[in-house]
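protein_1.cif (mmCIF, C-alpha atoms) appears below.
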```cif
data_data
#
loop_
_atom_site.label_atom_id
_atom_site.label_comp_id
_atom_site.auth_asym_id
_atom_site.auth_seq_id
_atom_site.Cartn_x
_atom_site.Cartn_y
_atom_site.Cartn_z
CA MET C 1 -18.65 -24.38 -12.52
CA SER C 2 -16.33 -22.97 -9.94
CA PHE C 3 -16.94 -22.87 -6.22
CA THR C 4 -17.76 -20.04 -3.84
CA VAL C 5 -16.68 -20.35 -0.20
CA ASN C 6 -18.66 -19.03 2.77
CA LEU C 7 -17.66 -19.26 6.40
CA ARG C 8 -20.20 -18.02 8.90
CA ASP C 9 -19.20 -17.41 12.48
CA VAL C 10 -16.74 -20.28 12.43
CA THR C 11 -14.73 -21.26 15.50
CA LEU C 12 -12.27 -24.13 15.71
CA LYS C 13 -10.92 -25.18 19.08
CA TYR C 14 -8.01 -27.50 19.75
CA GLY C 15 -8.65 -28.39 23.38
CA ASP C 16 -9.13 -25.08 25.16
CA SER C 17 -7.38 -22.87 22.66
CA ASP C 18 -9.01 -21.25 19.64
CA ALA C 19 -7.26 -22.05 16.39
CA LEU C 20 -9.87 -19.89 14.68
CA ALA C 21 -12.40 -17.61 16.30
CA ASP C 22 -15.54 -16.00 14.85
CA VAL C 23 -14.42 -16.22 11.27
CA ASP C 24 -16.73 -14.75 8.64
CA LEU C 25 -15.35 -14.99 5.16
CA THR C 26 -16.83 -14.96 1.67
CA LEU C 27 -14.77 -15.92 -1.36
CA GLU C 28 -16.26 -15.45 -4.80
CA ALA C 29 -16.05 -18.11 -7.45
CA GLY C 30 -13.29 -18.03 -10.05
CA LYS C 31 -10.73 -15.78 -8.39
CA ILE C 32 -7.17 -16.37 -7.21
CA TYR C 33 -6.83 -15.57 -3.52
CA GLY C 34 -3.68 -15.18 -1.47
CA LEU C 35 -3.99 -16.40 2.11
CA LEU C 36 -1.32 -14.75 4.18
CA GLY C 37 -0.42 -15.23 7.79
CA ARG C 38 2.48 -15.95 10.06
CA ASN C 39 3.28 -19.47 11.19
CA GLY C 40 0.53 -20.66 13.53
CA ALA C 41 -1.85 -17.87 12.52
CA GLY C 42 -4.53 -20.36 11.45
CA LYS C 43 -4.00 -20.68 7.67
CA THR C 44 -3.80 -24.46 7.64
CA SER C 45 -6.72 -24.79 10.06
CA LEU C 46 -8.81 -22.56 7.83
CA LEU C 47 -7.98 -24.54 4.68
CA SER C 48 -8.56 -27.86 6.45
CA LEU C 49 -12.05 -26.70 7.39
CA ILE C 50 -12.86 -25.57 3.85
CA ALA C 51 -11.66 -28.94 2.50
CA ALA C 52 -13.73 -30.76 5.16
CA PHE C 53 -10.60 -32.42 6.55
CA ARG C 54 -11.87 -31.11 9.89
CA LYS C 55 -15.20 -30.17 11.36
CA PRO C 56 -15.58 -26.72 12.93
CA THR C 57 -16.36 -26.54 16.65
CA THR C 58 -19.17 -24.11 15.83
CA GLY C 59 -20.35 -22.25 12.76
CA GLN C 60 -21.16 -23.09 9.16
CA ILE C 61 -19.01 -23.70 6.10
CA LEU C 62 -20.50 -23.68 2.61
CA VAL C 63 -18.61 -24.56 -0.55
CA GLY C 64 -20.42 -24.05 -3.83
CA GLY C 65 -23.41 -22.98 -1.72
CA GLU C 66 -23.67 -26.30 0.11
CA PRO C 67 -22.50 -27.46 3.55
CA VAL C 68 -19.17 -29.10 2.83
CA TRP C 69 -19.00 -31.53 5.75
CA GLU C 70 -19.58 -35.15 4.62
CA ASN C 71 -20.66 -33.87 1.20
CA ALA C 72 -18.85 -36.23 -1.19
CA PRO C 73 -19.99 -34.68 -4.48
CA ILE C 74 -18.61 -31.30 -3.39
CA VAL C 75 -15.49 -32.57 -1.63
CA SER C 76 -14.43 -34.61 -4.67
CA ARG C 77 -14.18 -31.32 -6.57
CA VAL C 78 -12.17 -29.57 -3.87
CA ALA C 79 -8.41 -30.11 -3.72
CA LEU C 80 -6.29 -29.18 -0.73
CA ILE C 81 -2.62 -29.67 -1.45
CA ARG C 82 -0.37 -29.67 1.57
CA GLU C 83 3.37 -29.31 1.51
CA GLY C 84 4.86 -32.72 0.75
CA GLY C 85 1.44 -33.99 -0.27
CA ASP C 86 -0.47 -36.76 1.43
CA PHE C 87 1.24 -39.67 -0.27
CA ASP C 88 2.01 -43.21 0.72
CA ASP C 89 5.79 -43.17 1.11
CA SER C 90 6.22 -46.66 -0.28
CA ASP C 91 4.35 -45.86 -3.52
CA TYR C 92 6.15 -45.25 -6.75
CA VAL C 93 5.80 -41.68 -8.03
CA LYS C 94 3.78 -42.96 -10.99
CA ALA C 95 1.31 -44.71 -8.65
CA ALA C 96 1.14 -41.63 -6.42
CA ILE C 97 0.13 -39.54 -9.43
CA GLU C 98 -2.50 -42.08 -10.48
CA THR C 99 -4.17 -42.12 -7.06
CA GLY C 100 -5.42 -38.68 -8.17
CA GLN C 101 -7.78 -40.47 -10.54
CA ILE C 102 -10.32 -40.93 -7.73
CA ARG C 103 -11.23 -37.30 -8.45
CA PRO C 104 -13.81 -36.80 -11.20
CA GLY C 105 -11.89 -33.93 -12.82
CA PHE C 106 -8.41 -35.49 -12.70
CA ASP C 107 -6.54 -35.14 -15.99
CA THR C 108 -3.97 -37.95 -16.24
CA ASP C 109 -2.40 -36.73 -19.50
CA TYR C 110 -1.91 -33.29 -18.05
CA ALA C 111 -0.42 -34.83 -14.88
CA TYR C 112 2.21 -36.69 -16.93
CA LYS C 113 2.92 -33.63 -19.03
CA LEU C 114 3.59 -31.69 -15.82
CA ALA C 115 5.60 -34.55 -14.32
CA ASP C 116 7.80 -34.43 -17.40
CA ARG C 117 8.15 -30.66 -17.29
CA PHE C 118 9.12 -30.75 -13.60
CA GLU C 119 11.39 -33.77 -14.12
CA LEU C 120 9.69 -36.03 -11.59
CA PRO C 121 11.28 -39.49 -11.53
CA LEU C 122 8.26 -41.74 -12.11
CA LYS C 123 10.12 -44.94 -11.26
CA LYS C 124 11.36 -43.81 -7.88
CA ARG C 125 9.48 -44.32 -4.66
CA VAL C 126 7.97 -41.28 -2.94
CA ARG C 127 10.23 -41.75 0.09
CA GLU C 128 13.32 -41.40 -2.13
CA LEU C 129 12.33 -37.90 -3.27
CA SER C 130 13.99 -34.76 -1.95
CA ARG C 131 11.79 -32.31 -0.07
CA GLY C 132 11.63 -30.07 -3.13
CA LYS C 133 10.65 -32.90 -5.51
CA ARG C 134 8.04 -34.10 -3.06
CA SER C 135 6.45 -30.63 -2.93
CA THR C 136 6.59 -30.52 -6.70
CA LEU C 137 4.81 -33.87 -6.92
CA ALA C 138 2.11 -32.49 -4.63
CA ALA C 139 1.78 -29.35 -6.75
CA VAL C 140 1.53 -31.41 -9.94
CA CYS C 141 -1.26 -33.53 -8.44
CA GLY C 142 -3.03 -30.34 -7.33
CA LEU C 143 -2.94 -28.80 -10.79
CA ALA C 144 -3.97 -32.02 -12.55
CA ALA C 145 -6.91 -32.48 -10.15
CA ARG C 146 -8.66 -29.75 -12.17
CA ALA C 147 -10.83 -29.09 -9.15
CA GLU C 148 -13.41 -26.31 -8.86
CA LEU C 149 -11.64 -25.09 -5.73
CA THR C 150 -7.90 -25.72 -5.45
CA MET C 151 -5.97 -24.78 -2.33
CA PHE C 152 -2.19 -24.89 -2.13
CA ASP C 153 -1.00 -24.78 1.45
CA GLU C 154 2.59 -23.58 1.31
CA VAL C 155 3.50 -26.13 -1.32
CA HIS C 156 6.34 -23.85 -2.39
CA LEU C 157 8.31 -24.76 0.75
CA GLY C 158 11.31 -26.78 -0.30
CA MET C 159 10.99 -25.84 -3.98
CA ASP C 160 13.91 -23.89 -5.37
CA ALA C 161 13.29 -20.51 -7.02
CA PRO C 162 13.17 -21.75 -10.64
CA THR C 163 10.70 -24.51 -9.68
CA ARG C 164 8.50 -22.03 -7.82
CA ASP C 165 8.54 -19.75 -10.82
CA ALA C 166 7.58 -22.62 -13.16
CA PHE C 167 4.83 -23.66 -10.74
CA TYR C 168 3.29 -20.15 -10.68
CA LYS C 169 3.42 -20.04 -14.48
CA GLU C 170 1.62 -23.38 -14.77
CA LEU C 171 -0.91 -22.33 -12.19
CA LEU C 172 -1.71 -19.16 -14.14
CA ALA C 173 -1.90 -21.04 -17.43
CA GLU C 174 -4.26 -23.62 -15.92
CA TYR C 175 -6.35 -20.84 -14.39
CA MET C 176 -6.71 -19.03 -17.70
CA ASP C 177 -7.54 -22.26 -19.44
CA ARG C 178 -10.27 -23.07 -16.95
CA GLN C 179 -11.31 -20.36 -14.55
CA HIS C 180 -11.71 -21.84 -11.07
CA THR C 181 -11.29 -20.74 -7.48
CA VAL C 182 -7.73 -20.88 -6.18
CA ILE C 183 -6.34 -20.19 -2.71
CA LEU C 184 -2.57 -19.87 -2.35
CA SER C 185 -1.37 -19.91 1.21
CA THR C 186 2.10 -18.49 1.51
CA HIS C 187 4.37 -16.08 3.23
CA LEU C 188 6.41 -15.35 0.13
CA ILE C 189 4.01 -12.55 -0.65
CA ASP C 190 5.92 -10.38 -3.05
CA GLU C 191 6.63 -13.44 -5.16
CA VAL C 192 2.95 -14.23 -5.74
CA ALA C 193 1.37 -10.76 -5.48
CA ASN C 194 0.96 -10.27 -9.24
CA TYR C 195 -0.92 -13.53 -9.61
CA LEU C 196 -3.52 -12.66 -6.99
CA GLU C 197 -6.84 -10.89 -7.29
CA GLU C 198 -7.60 -10.66 -3.58
CA VAL C 199 -5.65 -11.01 -0.36
CA VAL C 200 -6.86 -12.44 2.95
CA ILE C 201 -4.66 -12.00 6.01
CA VAL C 202 -5.14 -14.30 8.97
CA ASP C 203 -3.63 -13.32 12.27
CA ARG C 204 -3.99 -15.14 15.57
CA GLY C 205 -7.01 -17.10 14.43
CA ARG C 206 -8.90 -14.13 13.03
CA ILE C 207 -9.35 -12.53 9.64
CA LEU C 208 -7.30 -9.35 9.89
CA ARG C 209 -7.86 -8.00 6.36
CA HIS C 210 -9.60 -9.03 3.17
CA GLU C 211 -9.00 -6.66 0.26
CA ASP C 212 -8.44 -6.76 -3.44
CA VAL C 213 -4.75 -6.73 -4.16
CA GLU C 214 -4.60 -3.18 -5.56
CA THR C 215 -6.31 -1.75 -2.50
CA PHE C 216 -3.87 -3.60 -0.32
CA GLN C 217 -0.88 -2.53 -2.36
CA GLY C 218 -1.96 1.10 -2.29
CA MET C 219 -2.72 1.01 1.41
CA GLY C 220 0.67 1.89 2.79
CA ALA C 221 3.22 4.61 2.23
CA THR C 222 6.49 5.71 3.72
CA LEU C 223 7.10 9.36 4.51
CA THR C 224 10.71 10.45 4.86
CA GLY C 225 11.96 13.92 5.64
CA GLN C 226 12.63 16.36 8.45
CA ALA C 227 11.28 14.93 11.69
CA ASP C 228 8.96 17.84 12.54
CA ALA C 229 7.55 18.01 9.03
CA VAL C 230 6.99 14.25 8.90
CA ASP C 231 5.24 14.28 12.29
CA ALA C 232 2.98 17.09 11.13
CA VAL C 233 1.88 15.22 8.01
CA ALA C 234 1.62 11.82 9.73
CA ALA C 235 -0.54 13.19 12.55
CA GLY C 236 -3.88 11.38 12.57
CA LEU C 237 -2.73 8.62 10.18
CA GLU C 238 -2.33 4.99 11.24
CA VAL C 239 1.42 4.72 11.83
CA LEU C 240 2.84 1.20 11.57
CA ALA C 241 6.50 1.89 12.13
CA GLU C 242 8.94 4.75 12.50
CA GLN C 243 12.69 5.21 12.28
CA ARG C 244 14.99 8.13 13.00
CA LEU C 245 18.39 9.02 11.68
CA GLY C 246 19.60 12.30 13.15
CA GLY C 247 17.10 14.97 12.12
CA THR C 248 15.55 12.75 9.46
CA LYS C 249 12.55 10.62 10.21
CA SER C 250 10.81 7.91 8.24
CA VAL C 251 7.34 6.65 9.10
CA THR C 252 5.33 3.85 7.52
CA VAL C 253 1.60 4.51 7.46
CA ALA C 254 -1.22 2.10 6.67
CA THR C 255 -3.30 4.72 4.93
CA ARG C 256 -3.90 5.56 1.32
CA LEU C 257 -2.61 9.13 1.03
CA ASP C 258 -5.13 11.52 -0.54
CA ALA C 259 -4.12 14.30 -2.91
CA PRO C 260 -4.08 17.13 -0.31
CA THR C 261 -1.86 15.07 2.00
CA ARG C 262 0.51 14.31 -0.87
CA GLU C 263 0.69 17.98 -1.74
CA ARG C 264 1.36 18.99 1.84
CA ALA C 265 4.08 16.35 2.06
CA ALA C 266 5.67 17.45 -1.20
CA ALA C 267 5.59 21.10 -0.15
CA ALA C 268 7.38 20.18 3.10
CA GLY C 269 10.09 18.34 1.15
CA ILE C 270 8.93 14.92 2.30
CA GLU C 271 9.67 11.93 0.08
CA ILE C 272 6.71 9.58 -0.36
CA GLY C 273 7.56 5.97 -1.11
CA PRO C 274 5.56 2.78 -1.63
CA VAL C 275 5.43 -0.03 0.90
CA GLY C 276 5.87 -3.53 -0.48
CA LEU C 277 3.20 -6.08 0.40
CA GLN C 278 5.73 -8.07 2.36
CA ASP C 279 6.63 -5.06 4.53
CA LEU C 280 3.02 -4.10 5.00
CA PHE C 281 2.21 -7.65 6.04
CA ILE C 282 5.12 -7.73 8.49
CA HIS C 283 4.04 -4.47 10.10
CA LEU C 284 0.36 -5.44 10.28
CA THR C 285 1.01 -8.78 11.96
CA GLU C 286 3.77 -7.66 14.30
CA PRO C 287 3.51 -9.01 17.85
CA GLY C 288 2.03 -6.31 20.02
CA LYS C 289 -0.35 -5.16 17.28
CA ASN C 290 -4.05 -6.02 17.37
CA GLY C 291 -4.23 -6.39 21.11
CA ALA C 292 -1.98 -9.43 21.46
CA MET Q 1 9.15 -5.22 -15.00
CA PHE Q 2 6.88 -3.07 -12.85
CA ASP Q 3 7.99 -0.51 -10.30
CA ASP Q 4 5.97 -0.79 -7.13
CA GLY Q 5 4.81 2.81 -6.97
CA ALA Q 6 1.60 2.67 -9.02
CA PRO Q 7 -0.91 -0.19 -9.29
CA ILE Q 8 0.04 -2.63 -12.05
CA TYR Q 9 -3.17 -2.08 -14.01
CA ARG Q 10 -2.36 1.61 -14.21
CA GLN Q 11 1.16 0.88 -15.39
CA ILE Q 12 -0.24 -1.36 -18.12
CA ALA Q 13 -2.74 1.32 -19.13
CA ASP Q 14 0.07 3.90 -19.24
CA GLN Q 15 2.17 1.61 -21.35
CA ILE Q 16 -0.61 1.08 -23.88
CA LYS Q 17 -1.08 4.85 -24.01
CA ALA Q 18 2.63 5.32 -24.62
CA GLU Q 19 2.51 2.75 -27.43
CA ILE Q 20 -0.36 4.66 -29.02
CA MET Q 21 1.54 7.94 -28.74
CA ASN Q 22 4.79 6.59 -30.21
CA GLY Q 23 2.92 4.90 -33.03
CA SER Q 24 3.60 1.26 -32.26
CA LEU Q 25 -0.18 0.88 -31.78
CA GLU Q 26 -2.08 2.40 -34.72
CA PRO Q 27 -5.62 3.83 -34.55
CA GLY Q 28 -8.00 0.99 -35.39
CA GLY Q 29 -5.31 -1.54 -34.50
CA LYS Q 30 -6.09 -4.60 -32.40
CA VAL Q 31 -4.70 -4.80 -28.87
CA MET Q 32 -3.51 -8.09 -27.35
CA SER Q 33 -6.16 -9.94 -25.34
CA THR Q 34 -6.47 -9.93 -21.56
CA ASN Q 35 -5.07 -13.46 -21.39
CA GLN Q 36 -2.16 -12.64 -23.69
CA TYR Q 37 -1.28 -9.69 -21.46
CA ALA Q 38 -1.64 -11.83 -18.35
CA ALA Q 39 0.55 -14.58 -19.76
CA PHE Q 40 3.16 -12.14 -21.06
CA TYR Q 41 3.51 -10.18 -17.83
CA GLN Q 42 2.63 -13.10 -15.54
CA ILE Q 43 -0.18 -11.27 -13.82
CA ASN Q 44 -3.74 -12.08 -12.85
CA PRO Q 45 -6.00 -11.62 -15.89
CA ALA Q 46 -8.36 -9.49 -13.77
CA THR Q 47 -5.52 -6.97 -13.44
CA ALA Q 48 -5.11 -6.73 -17.20
CA GLN Q 49 -8.87 -6.45 -17.54
CA LYS Q 50 -8.89 -3.49 -15.16
CA ALA Q 51 -6.39 -1.70 -17.38
CA PHE Q 52 -8.57 -2.30 -20.45
CA ARG Q 53 -11.71 -1.19 -18.64
CA GLU Q 54 -10.04 2.06 -17.69
CA LEU Q 55 -8.93 2.68 -21.28
CA VAL Q 56 -12.39 1.91 -22.61
CA ASP Q 57 -13.90 4.35 -20.09
CA GLU Q 58 -11.47 7.02 -21.28
CA GLY Q 59 -12.41 6.34 -24.89
CA VAL Q 60 -8.90 5.29 -25.83
CA LEU Q 61 -9.89 1.71 -26.67
CA TYR Q 62 -13.18 0.27 -27.80
CA LYS Q 63 -14.46 -3.25 -27.53
CA GLN Q 64 -15.94 -5.33 -30.29
CA ARG Q 65 -17.78 -8.19 -28.73
CA GLY Q 66 -16.28 -11.54 -29.58
CA VAL Q 67 -13.51 -9.96 -31.64
CA GLY Q 68 -11.34 -8.03 -29.20
CA MET Q 69 -10.10 -4.58 -28.21
CA PHE Q 70 -9.14 -1.89 -30.68
CA VAL Q 71 -7.50 1.52 -30.55
CA ALA Q 72 -10.01 4.34 -31.02
CA ASP Q 73 -9.52 6.48 -34.14
CA ASP Q 74 -9.14 9.68 -32.13
CA ALA Q 75 -7.09 8.04 -29.36
CA ARG Q 76 -3.92 9.97 -30.15
CA ASP Q 77 -5.69 13.36 -30.04
CA LYS Q 78 -7.34 12.42 -26.77
CA LEU Q 79 -4.02 11.44 -25.26
CA ALA Q 80 -1.97 14.36 -26.53
CA ALA Q 81 -3.55 16.88 -24.15
CA ASP Q 82 -3.35 14.39 -21.34
CA PHE Q 83 0.35 13.79 -21.98
CA ARG Q 84 1.03 17.50 -21.94
CA ASP Q 85 -0.72 17.89 -18.58
CA ARG Q 86 1.10 14.96 -17.14
CA PHE Q 87 4.42 16.21 -18.40
CA PHE Q 88 3.98 19.40 -16.41
CA GLU Q 89 2.67 17.61 -13.37
CA ARG Q 90 5.08 14.65 -13.24
CA VAL Q 91 8.24 16.08 -14.75
CA LEU Q 92 8.25 19.83 -14.30
CA ALA Q 93 6.55 20.20 -10.92
CA PRO Q 94 9.10 17.97 -9.10
CA LEU Q 95 11.90 19.71 -11.03
CA VAL Q 96 10.82 23.13 -9.80
CA ARG Q 97 10.45 21.78 -6.27
CA GLU Q 98 13.87 20.17 -6.21
CA ALA Q 99 15.53 23.20 -7.74
CA ARG Q 100 14.00 25.36 -5.03
CA GLN Q 101 15.28 23.01 -2.33
CA ALA Q 102 18.75 23.06 -3.86
CA GLY Q 103 18.66 26.84 -4.24
CA ILE Q 104 19.05 26.75 -8.03
CA PRO Q 105 17.61 29.90 -9.62
CA LEU Q 106 14.92 29.39 -12.25
CA THR Q 107 16.95 31.35 -14.81
CA ASP Q 108 19.77 28.75 -14.57
CA ILE Q 109 17.29 26.00 -15.41
CA ILE Q 110 15.88 27.92 -18.34
CA ASP Q 111 19.40 28.58 -19.65
CA TYR Q 112 20.24 24.90 -19.31
CA LEU Q 113 17.10 23.75 -21.11
CA ARG Q 114 17.63 26.23 -23.93
CA ALA Q 115 21.28 25.18 -24.34
CA SER Q 116 20.34 21.46 -24.39
CA HIS Q 117 17.59 22.14 -26.88
CA ASP Q 118 19.91 24.10 -29.19
CA ALA Q 119 22.51 21.31 -28.88
CA GLY Q 120 20.25 19.01 -30.85
CA GLY Q 121 16.80 18.07 -29.60
CA ALA Q 122 18.05 16.47 -26.41
CA VAL Q 123 15.10 17.92 -24.51
CA ASP Q 124 12.63 16.09 -26.77
CA GLN Q 125 14.31 12.82 -25.85
CA THR Q 126 14.09 13.55 -22.15
CA GLU Q 127 10.39 14.34 -22.46
CA LYS Q 128 9.67 11.02 -24.10
CA GLY Q 129 11.78 9.06 -21.67
CA ALA Q 130 10.20 10.62 -18.64
CA LEU Q 131 6.71 9.91 -19.83
CA GLN Q 132 7.17 6.25 -20.55
#
```

As structure tokens:
Amino acid sequence: MSFTVNLRDVTLKYGDSDALADVDLTLEAGKIYGLLGRNGAGKTSLLSLIAAFRKPTTGQILVGGEPVWENAPIVSRVALIREGGDFDDSDYVKAAIETGQIRPGFDTDYAYKLADRFELPLKKRVRELSRGKRSTLAAVCGLAARAELTMFDEVHLGMDAPTRDAFYKELLAEYMDRQHTVILSTHLIDEVANYLEEVVIVDRGRILRHEDVETFQGMGATLTGQADAVDAVAAGLEVLAEQRLGGTKSVTVATRLDAPTRERAAAAGIEIGPVGLQDLFIHLTEPGKNGA
Amino acid sequence: MFDDGAPIYRQIADQIKAEIMNGSLEPGGKVMSTNQYAAFYQINPATAQKAFRELVDEGVLYKQRGVGMFVADDARDKLAADFRDRFFERVLAPLVREARQAGIPLTDIIDYLRASHDAGGAVDQTEKGALQ
């Protein structure tokens, strides 16, 4: 059993301002999703709603086909892991891990195996941990929860690169062992891209894109060559950015280039290059885009 | 491991094809499982699955339910023609285009290729390298 997620016409207001507006989103069961967005875009609000940490102002949220609000059987199988975790600072690390046992799926042996692998000091208090170790503790509890829907909200913050790498490896291993729904919220996109099946981009409280990762990766291209030739080929395409160096021009387009366009570009001596997910994301969510 | 030009599933499919062509995967031989590929390359298993699906559709691999994926007996013949086409399209077409831009006459290229070939099969090596 692994959970689907459905948001229908969901709005979340903080006072007068919309943290999320008119969100419709369907996530299939058993896939790894990347949730991308700038700071303040609404990622954490969205995840808090799905985990029933908050109630939407209007709209409906279903997890595993059921309304999630005040639904204990469902919520106990949903894990939202926030950076630094939600621990009691005065607890020992060992006790903090064992509080996970309130979840029906929690695997204590696995939790200790991970704690060992990530060198968590069981006899220290949570407040004595560095930021990185604290995030790691949160990630360990998230993996060991063995939930049907697991959401990691920027848990990588504070982790060093080797720890992040080990975390992604464990996440993938756990996923292959037991296919469940995973949402990874991050802005280190290129680092996680290969682990994802689909990508959801949130921008200013709205869902900007939701695509499978290959579609998204193939969506952009850079065209570099003589300015006139580049302009001629780029005419009519969605241009995200352009740069000029003397007579040479480079444009980034958010369009999958079809074969005739590629041929025309090649014939005009234009170099076609890929756009990394990170760059595409930066261009798509730039201030001034999307009517903001 | 992957260059970011082509989708990863296509790069995996291309790599399996190359392994079939250079003999490291034999006809009838078993291919690693989706999860083994995913764990080895650290990619989403759905991505590896897409590569396999494409190869099954092309008749290069076949699936035996509950057992795994195997290389089709005629896979190498199927791929040979494909490799030849792609060699012209991916290696020679850009070469001709760049030579034209640089003003290099075609006869110079032909002379160069012939000389390299006579010098000891160097051209064969380049072909293989470019296709992998």

Show me as a PDB file with C-alpha atoms, keeping the file's coordinate frame the residues that reach within 9 Å of (11.9, -24.6, 3.8), counting all atoms listed in the file and using the file's own coordinates.
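part02.pdb, written as the output of this step:
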```pdb
ATOM      1  CA  ARG C 131      11.790 -32.310  -0.070  1.00  0.00           C
ATOM      2  CA  GLY C 132      11.630 -30.070  -3.130  1.00  0.00           C
ATOM      3  CA  HIS C 156       6.340 -23.850  -2.390  1.00  0.00           C
ATOM      4  CA  LEU C 157       8.310 -24.760   0.750  1.00  0.00           C
ATOM      5  CA  GLY C 158      11.310 -26.780  -0.300  1.00  0.00           C
ATOM      6  CA  MET C 159      10.990 -25.840  -3.980  1.00  0.00           C
TER       7      MET C 159
END
```

Output check: residues returned by the PyMOL selection byres ((chain Q) within 12 of (chain C)), as an MDAnalysis selection string: chainID Q and resid 1:10 33:50 89 93:102

Distance query Ala254 in chain C at most 7 Å, all atoms listed in the file, self and fewer than 5 positions along chain excluded, as JSON, numbers by chain: {"C": [219, 220, 221, 238, 239, 240]}

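The residues returned by the PyMOL selection byres ((chain C and resi 148) around 9) for this structure are Met1, Ser2, Phe3, Ala29, Gly30, Gly64, Arg77, Val78, Ala79, Gly105, Arg146, Ala147, Leu149, Thr150, Gln179, His180, Thr181 and Val182 of chain C.
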
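The environment of range 84-88 of chain C within 8 Å, counting all atoms listed in the file and disregarding residues fewer than 3 places along the same chain, consists of Ile81, Asp91, Ala96, Val126, Arg131, Arg134, Ser135, Thr136, Leu137, Ala138, Ala139 and Val155 of chain C.
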
Quick one: write out the picked residues with C-alpha atoms as a short mmCIF file (atom, residue, chain, number, x, y, z; two decimals), keeping the file's coordinate frame?
```cif
data_model
loop_
_atom_site.label_atom_id
_atom_site.label_comp_id
_atom_site.auth_asym_id
_atom_site.auth_seq_id
_atom_site.Cartn_x
_atom_site.Cartn_y
_atom_site.Cartn_z
CA ILE C 81 -2.62 -29.67 -1.45
CA ASP C 91 4.35 -45.86 -3.52
CA ALA C 96 1.14 -41.63 -6.42
CA VAL C 126 7.97 -41.28 -2.94
CA ARG C 131 11.79 -32.31 -0.07
CA ARG C 134 8.04 -34.10 -3.06
CA SER C 135 6.45 -30.63 -2.93
CA THR C 136 6.59 -30.52 -6.70
CA LEU C 137 4.81 -33.87 -6.92
CA ALA C 138 2.11 -32.49 -4.63
CA ALA C 139 1.78 -29.35 -6.75
CA VAL C 155 3.50 -26.13 -1.32
#
```

Point-to-point distance from CA of Leu171 in chain C to CA of Arg53 in chain Q, Å rounded to tenths: 24.6 Å

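Using all atoms listed in the file, the shortest contact distance between Asp74 in chain Q and any of Q:Ala119, Q:Ala13, Q:Met32, Q:Met21 is found at Q:Met21.
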
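Atom pair CA of Glu28 in chain C / CA of Asp165 in chain C: separated by 25.9 Å.
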
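For the pair CA of Asp89 in chain C and CA of Thr44 in chain C, the separation is 22.0 Å.
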
Residues matched by the PyMOL selection byres ((chain C and resi 35) around 8) as a short mmCIF file (atom, residue, chain, number, x, y, z; two decimals) with C-alpha atoms, in the coordinates of the input:
```
data_model
loop_
_atom_site.label_atom_id
_atom_site.label_comp_id
_atom_site.auth_asym_id
_atom_site.auth_seq_id
_atom_site.Cartn_x
_atom_site.Cartn_y
_atom_site.Cartn_z
CA TYR C 33 -6.83 -15.57 -3.52
CA GLY C 34 -3.68 -15.18 -1.47
CA LEU C 36 -1.32 -14.75 4.18
CA GLY C 37 -0.42 -15.23 7.79
CA LYS C 43 -4.00 -20.68 7.67
CA ILE C 183 -6.34 -20.19 -2.71
CA LEU C 184 -2.57 -19.87 -2.35
CA SER C 185 -1.37 -19.91 1.21
CA THR C 186 2.10 -18.49 1.51
CA VAL C 199 -5.65 -11.01 -0.36
CA VAL C 200 -6.86 -12.44 2.95
CA ILE C 201 -4.66 -12.00 6.01
CA VAL C 202 -5.14 -14.30 8.97
#
```

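Residues lying within 12 Å of range 25-27 of chain Q, counting all atoms listed in the file and ignoring same-chain neighbours fewer than 3 positions away, are Q:Gln15, Q:Ile16, Q:Lys17, Q:Ala18, Q:Glu19, Q:Ile20, Q:Met21, Q:Asn22, Q:Lys30, Q:Val31, Q:Met32, Q:Val60, Q:Leu61, Q:Tyr62, Q:Met69, Q:Phe70, Q:Val71, Q:Ala72, Q:Asp73, Q:Asp74, Q:Ala75, Q:Arg76, Q:Asp77, Q:Lys78.
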
Selection near range 50-52 of chain C, 7 Å with all atoms listed in the file, sequence-local residues under 6 positions removed, as number ranges by chain: C: 61, 68-69, 75, 78, 80

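Shortest atom-to-atom contact with Gln11 in chain Q among Q:Phe52, Q:Glu58, Q:Gly23, Q:Gly28: Q:Phe52, counting only C-alpha atoms.
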
C:Ala259, C:Ala229, C:Val93, C:Leu188 ranked by distance to Gly247 in chain C, top pick (using all atoms listed in the file): C:Ala229

Test item: residues at most 8 Å from range 114-123 of chain C, all atoms listed in the file, excluding those fewer than 3 positions along its chain, as a ChimeraX atom specification: /C:92-94,110-111,133,136-137,140,163

Residue with smallest distance to Pro260 in chain C - pool C:Leu284, C:Ala227, C:Val233, C:His210, counting all atoms listed in the file: C:Val233

Can you sort out range 216-220 of chain C so it carries N, CA and C atoms, written as a short mmCIF file (atom, residue, chain, number, x, y, z; two decimals), keeping the file's coordinate frame?
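Printed below is rebuild_36.cif as written:
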```
data_model
loop_
_atom_site.label_atom_id
_atom_site.label_comp_id
_atom_site.auth_asym_id
_atom_site.auth_seq_id
_atom_site.Cartn_x
_atom_site.Cartn_y
_atom_site.Cartn_z
N PHE C 216 -4.86 -3.25 -1.31
CA PHE C 216 -3.87 -3.60 -0.32
C PHE C 216 -2.51 -3.00 -0.66
N GLN C 217 -2.18 -3.07 -1.95
CA GLN C 217 -0.88 -2.53 -2.36
C GLN C 217 -0.81 -1.02 -2.20
N GLY C 218 -1.97 -0.35 -2.38
CA GLY C 218 -1.96 1.10 -2.29
C GLY C 218 -2.18 1.60 -0.88
N MET C 219 -2.30 0.66 0.06
CA MET C 219 -2.72 1.01 1.41
C MET C 219 -1.64 1.70 2.21
N GLY C 220 -0.39 1.36 1.96
CA GLY C 220 0.67 1.89 2.79
C GLY C 220 1.53 2.90 2.05
#
```
